[in-house]
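The block underneath contains the structure these notes are about, expressed in structure tokens.
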Amino acid sequence: MSGNPYEILGVPHDADSDAVKKAYRKLALQYHPDRNPGDHRAEERFKEITQAYEILSDPRKREAFDRTGSADGTPDMSSFFGGFGMEDALRAFQEMFGFSSGGRRSSSGDDVVMDVVLDLEEAGLGVSREVSFERMERCGTCGGTGADPDEGMTECRDCGGKGRVASYRRTMLGTFQTVSDCPSCGGRGRIPRKTCSACGGTRLEKAARKVSVDIPGGISTGHYIKVRGMGHFPPDDGPPGDLIIRVADVRYGSFTRDGDDLVLRIGLSFPEAALGTKVRIPTVEGEELEIEIPAGTQPLEPLVLKRRGMKHLRRMGRGNLVVVPEVYVPEKLSRSERKVLEGLLESERFRKP
């Protein structure tokens, strides 16, 4: 700590322990990080105030400071908070000084995760897919109260219908009150006179649901789509989770994918590559397309068909369809075929450059 602890807390040198404690409590409340979210200066000020208090509240450290005018004995924050880290210390202050929201906190329900497998056209161009799934919803018999409909609810005796209970603890700054949800009623203030026979008091039941999901073109394995609010309901009054549609696999057929380009390898004989030919190839749209292989096509020399590949996922346009010719050599030749090829060996054009 740098600075004079008396000046930091704003107390005179002859201030007694009660005056030091009072000044500290006032400043700690003022500069507590929960009251100054995102204000780093307030956070540093809070730490400085705490360190100053530890010096002035400890008779030995205070006497040493008064004698030397030095704050060399800067306190260890972890020891000051009884072994807590700073995050735990702030949480303790929040409870002690009571500036938590005080309201009942509800949890969100769990997500429902569904895996889908797409074919090339669905992944490449997009599709609207209906998916069926099961989720936990509010019990239809009791309306989600957990109580037998004929018996209803009654006031919780442990909290007197308030849904909150107080506990007390003694600290170095005095006795402080902490308010939390009543464990008996879960913070609702009411409990069933008799539990619902349909859900056993859990307030939930399993339900089958269907939803139509738009899957965008260009999606790939590992991507997911989130449908808000279609997941499981929680046991309390919180909102439901989400439905997560996860792409487990894409069946590209004879294609391989390179980014948003689709690569198709085709086999050509030597005469076809040398003389040129026409071949029919599959497409993303599921139809065959006739393309021309120009004369003199070299093995593995790609032929690029612009904008015939996958849709771009986050922008307009499409990738390309890349055709890669592979020239195959027959393993066996007839006498006439061999004679033709032997004749070609005499030609300069067919010799290796």
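Residues are named by chain letter and number: chains run A, B, ... in the order of the structure tokens, numbers start at 1 in each chain, and ligands are numbered from 1 in the order shown.
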Who sits within 10 Å of Asp66 of chain A, only C-alpha atoms, same chain under 6 positions skipped, as a short mmCIF file (atom, residue, chain, number, x, y, z; two decimals) with N, CA and C atoms, in the first residue's frame:
```cif
data_model
loop_
_atom_site.label_atom_id
_atom_site.label_comp_id
_atom_site.auth_asym_id
_atom_site.auth_seq_id
_atom_site.Cartn_x
_atom_site.Cartn_y
_atom_site.Cartn_z
N HIS A 13 -5.19 11.02 13.79
CA HIS A 13 -4.23 10.07 14.36
C HIS A 13 -4.68 9.51 15.70
N LEU A 56 -4.54 -0.02 10.65
CA LEU A 56 -5.03 0.76 11.80
C LEU A 56 -5.84 -0.08 12.78
N ARG A 60 -0.33 -3.58 16.75
CA ARG A 60 1.11 -3.65 16.48
C ARG A 60 1.47 -2.93 15.18
#
```
request  = Kindly indicate which residue among A:Ser269, A:Gly124, A:Lys61, A:Gly217 lies nearest to Arg315 of chain A, using only C-alpha atoms for the distances.
outcome  =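 Under the stated criterion, the closest residue is A:Gly217.
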Distance of atom CA of Ser128 of chain A from atom CA of Gly319 of chain A, expressed in Å to one decimal place =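 Separating atom CA of Gly319 of chain A from atom CA of Ser128 of chain A is a distance of 21.4 Å.
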inquiry  = For a test of reading the model, state the distance in Å between atom CA of Leu305 of chain A and atom CA of Glu290 of chain A, rounded to one decimal.
reply    = 11.6 Å
request  = Please provide as an NGL selection string all residues within 12 Å of Tyr6 of chain A, with the sequence filter that same-chain residues fewer than 2 positions apart are discarded (counting only C-alpha atoms).
outcome  = :A and (2-4 or 8-16 or 19-21 or 23-24 or 48-49 or 51-57 or 62 or 65-66 or 69 or 71)
Okay, now the selection with C-alpha atoms, as a PDB file, in the first residue's frame?
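Dumped everything to selection13.pdb:
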```pdb
ATOM      1  CA  SER A   2       1.205   3.510  -0.793  1.00  0.00           C
ATOM      2  CA  GLY A   3      -0.071   6.486   1.190  1.00  0.00           C
ATOM      3  CA  ASN A   4      -1.030   7.292   4.740  1.00  0.00           C
ATOM      4  CA  ILE A   8      -6.985   7.043   3.221  1.00  0.00           C
ATOM      5  CA  LEU A   9      -9.679   6.367   5.834  1.00  0.00           C
ATOM      6  CA  GLY A  10     -10.087  10.058   6.633  1.00  0.00           C
ATOM      7  CA  VAL A  11      -9.577   9.717  10.406  1.00  0.00           C
ATOM      8  CA  PRO A  12      -7.309  11.669  12.808  1.00  0.00           C
ATOM      9  CA  HIS A  13      -4.234  10.066  14.356  1.00  0.00           C
ATOM     10  CA  ASP A  14      -5.970   9.769  17.718  1.00  0.00           C
ATOM     11  CA  ALA A  15      -9.067   8.034  16.316  1.00  0.00           C
ATOM     12  CA  ASP A  16     -10.136   5.075  18.431  1.00  0.00           C
ATOM     13  CA  ALA A  19     -14.010   5.498  14.696  1.00  0.00           C
ATOM     14  CA  VAL A  20     -11.608   3.574  12.434  1.00  0.00           C
ATOM     15  CA  LYS A  21     -14.145   0.795  11.967  1.00  0.00           C
ATOM     16  CA  ALA A  23     -14.863   5.110   8.624  1.00  0.00           C
ATOM     17  CA  TYR A  24     -13.830   1.863   7.022  1.00  0.00           C
ATOM     18  CA  GLU A  48      -6.425   0.465  -0.595  1.00  0.00           C
ATOM     19  CA  ILE A  49      -9.133   1.157   1.985  1.00  0.00           C
ATOM     20  CA  GLN A  51      -5.275  -2.440   3.501  1.00  0.00           C
ATOM     21  CA  ALA A  52      -5.389   0.830   5.421  1.00  0.00           C
ATOM     22  CA  TYR A  53      -7.970  -0.611   7.782  1.00  0.00           C
ATOM     23  CA  GLU A  54      -5.867  -3.679   8.484  1.00  0.00           C
ATOM     24  CA  ILE A  55      -2.970  -1.487   9.520  1.00  0.00           C
ATOM     25  CA  LEU A  56      -5.033   0.761  11.802  1.00  0.00           C
ATOM     26  CA  SER A  57      -7.107  -2.078  13.269  1.00  0.00           C
ATOM     27  CA  ARG A  62      -0.552   0.824  13.856  1.00  0.00           C
ATOM     28  CA  PHE A  65       3.376   2.988  11.419  1.00  0.00           C
ATOM     29  CA  ASP A  66       3.037   5.765  14.010  1.00  0.00           C
ATOM     30  CA  GLY A  69       5.748   6.646   9.285  1.00  0.00           C
ATOM     31  CA  ALA A  71       3.689   1.236   5.633  1.00  0.00           C
TER      32      ALA A  71
END
```
key: Residue neighbourhood Arg308 of chain A, 9 Å, only C-alpha atoms, exclusion window fewer than 4 positions, as a VMD selection string   = chain A and resid 261 to 262 283 to 284 318 to 322
Would you write out, as a Markdown table, a table of all residues in segment 214-265 of chain A that have an atom no more than 9 Å from an atom of segment 137-140 of chain A, listing for each the closest atom pair and the distance in Å to one decimal, considering only C-alpha atoms and ordering rows by chain and rising residue number?
```
| residue | atom | partner | partner_atom | distance |
| --- | --- | --- | --- | --- |
| A:Gly231 | CA | A:Glu137 | CA | 8.9 |
| A:His232 | CA | A:Glu137 | CA | 6.4 |
| A:Phe233 | CA | A:Glu137 | CA | 5.3 |
| A:Pro234 | CA | A:Glu137 | CA | 8.3 |
| A:Pro235 | CA | A:Arg138 | CA | 8.6 |
| A:Pro240 | CA | A:Glu137 | CA | 8.5 |
```
Take the selection from the previous step and output its residues with N, CA and C atoms, as a compact mmCIF listing (two decimals), in the first residue's frame.
```txt
# COMPACT_ATOMS: atom_id res chain seq x y z
N GLY A 231 -35.73 -25.92 -25.20
CA GLY A 231 -35.09 -26.96 -24.41
C GLY A 231 -35.92 -27.36 -23.21
N HIS A 232 -35.29 -28.04 -22.26
CA HIS A 232 -35.98 -28.51 -21.06
C HIS A 232 -36.37 -27.34 -20.16
N PHE A 233 -37.50 -27.49 -19.46
CA PHE A 233 -37.87 -26.56 -18.41
C PHE A 233 -37.11 -26.95 -17.13
N PRO A 234 -36.73 -25.99 -16.30
CA PRO A 234 -36.08 -26.32 -15.04
C PRO A 234 -37.10 -26.68 -13.97
N PRO A 235 -36.67 -27.28 -12.87
CA PRO A 235 -37.61 -27.62 -11.79
C PRO A 235 -38.22 -26.38 -11.13
N PRO A 240 -36.99 -22.01 -19.97
CA PRO A 240 -36.46 -23.25 -20.53
C PRO A 240 -35.12 -23.02 -21.22
```
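Minimum atom-to-atom distances from A:Thr277, A:Ser347, A:Thr145, A:Ser334 to Lys194 of chain A were compared using only C-alpha atoms, and the lowest value belongs to A:Thr145.
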inquiry  = Please identify the strand (DSSP E or B) residues within segment 182-346 of chain A (assignment by DSSP from backbone atoms) and present them as a ChimeraX atom specification.
reply    = /A:190-192,195,204-216,224-227,243-251,255-258,261-268,277-282,288-293,303-305,311,318,321-327
task = May I ask which of the residues A:Asp249, A:Lys306, A:Pro271, A:Arg349 is the closest one to Glu122 of chain A, counting only C-alpha atoms?
result =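 For Glu122 of chain A, the nearest of the given residues is A:Asp249.
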request  = Name the residues in contact with Val116 of chain A at a cut-off of 8 Å, using only C-alpha atoms, excluding same-chain residues fewer than 5 positions from it; report them as a ChimeraX atom specification.
outcome  = /A:245-249
Between atom CA of Met316 of chain A and atom CA of Pro216 of chain A, distance in Å (one decimal) = 11.8 Å
message = Please list as JSON, numbers by chain every residue within 6 Å of Gly187 of chain A, counting only C-alpha atoms and excluding residues in the same chain fewer than 3 positions away.
response = {"A": [163, 164, 181, 182]}
message = Using only C-alpha atoms, which protein or nucleic acid residues come within 10 Å of Arg190 of chain A? Drop anything in the same chain fewer than 5 positions from it, and give the result as a PyMOL selection string.
response = chain A and resi 145+152-163+184-185
query = Out of A:Ser212, A:Ser167, A:Ser108, A:Thr256, which residue has the shortest atom-to-atom distance to Asp237 of chain A when counting only C-alpha atoms?
reply =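 Selected residue with least distance to Asp237 of chain A: A:Ser108.
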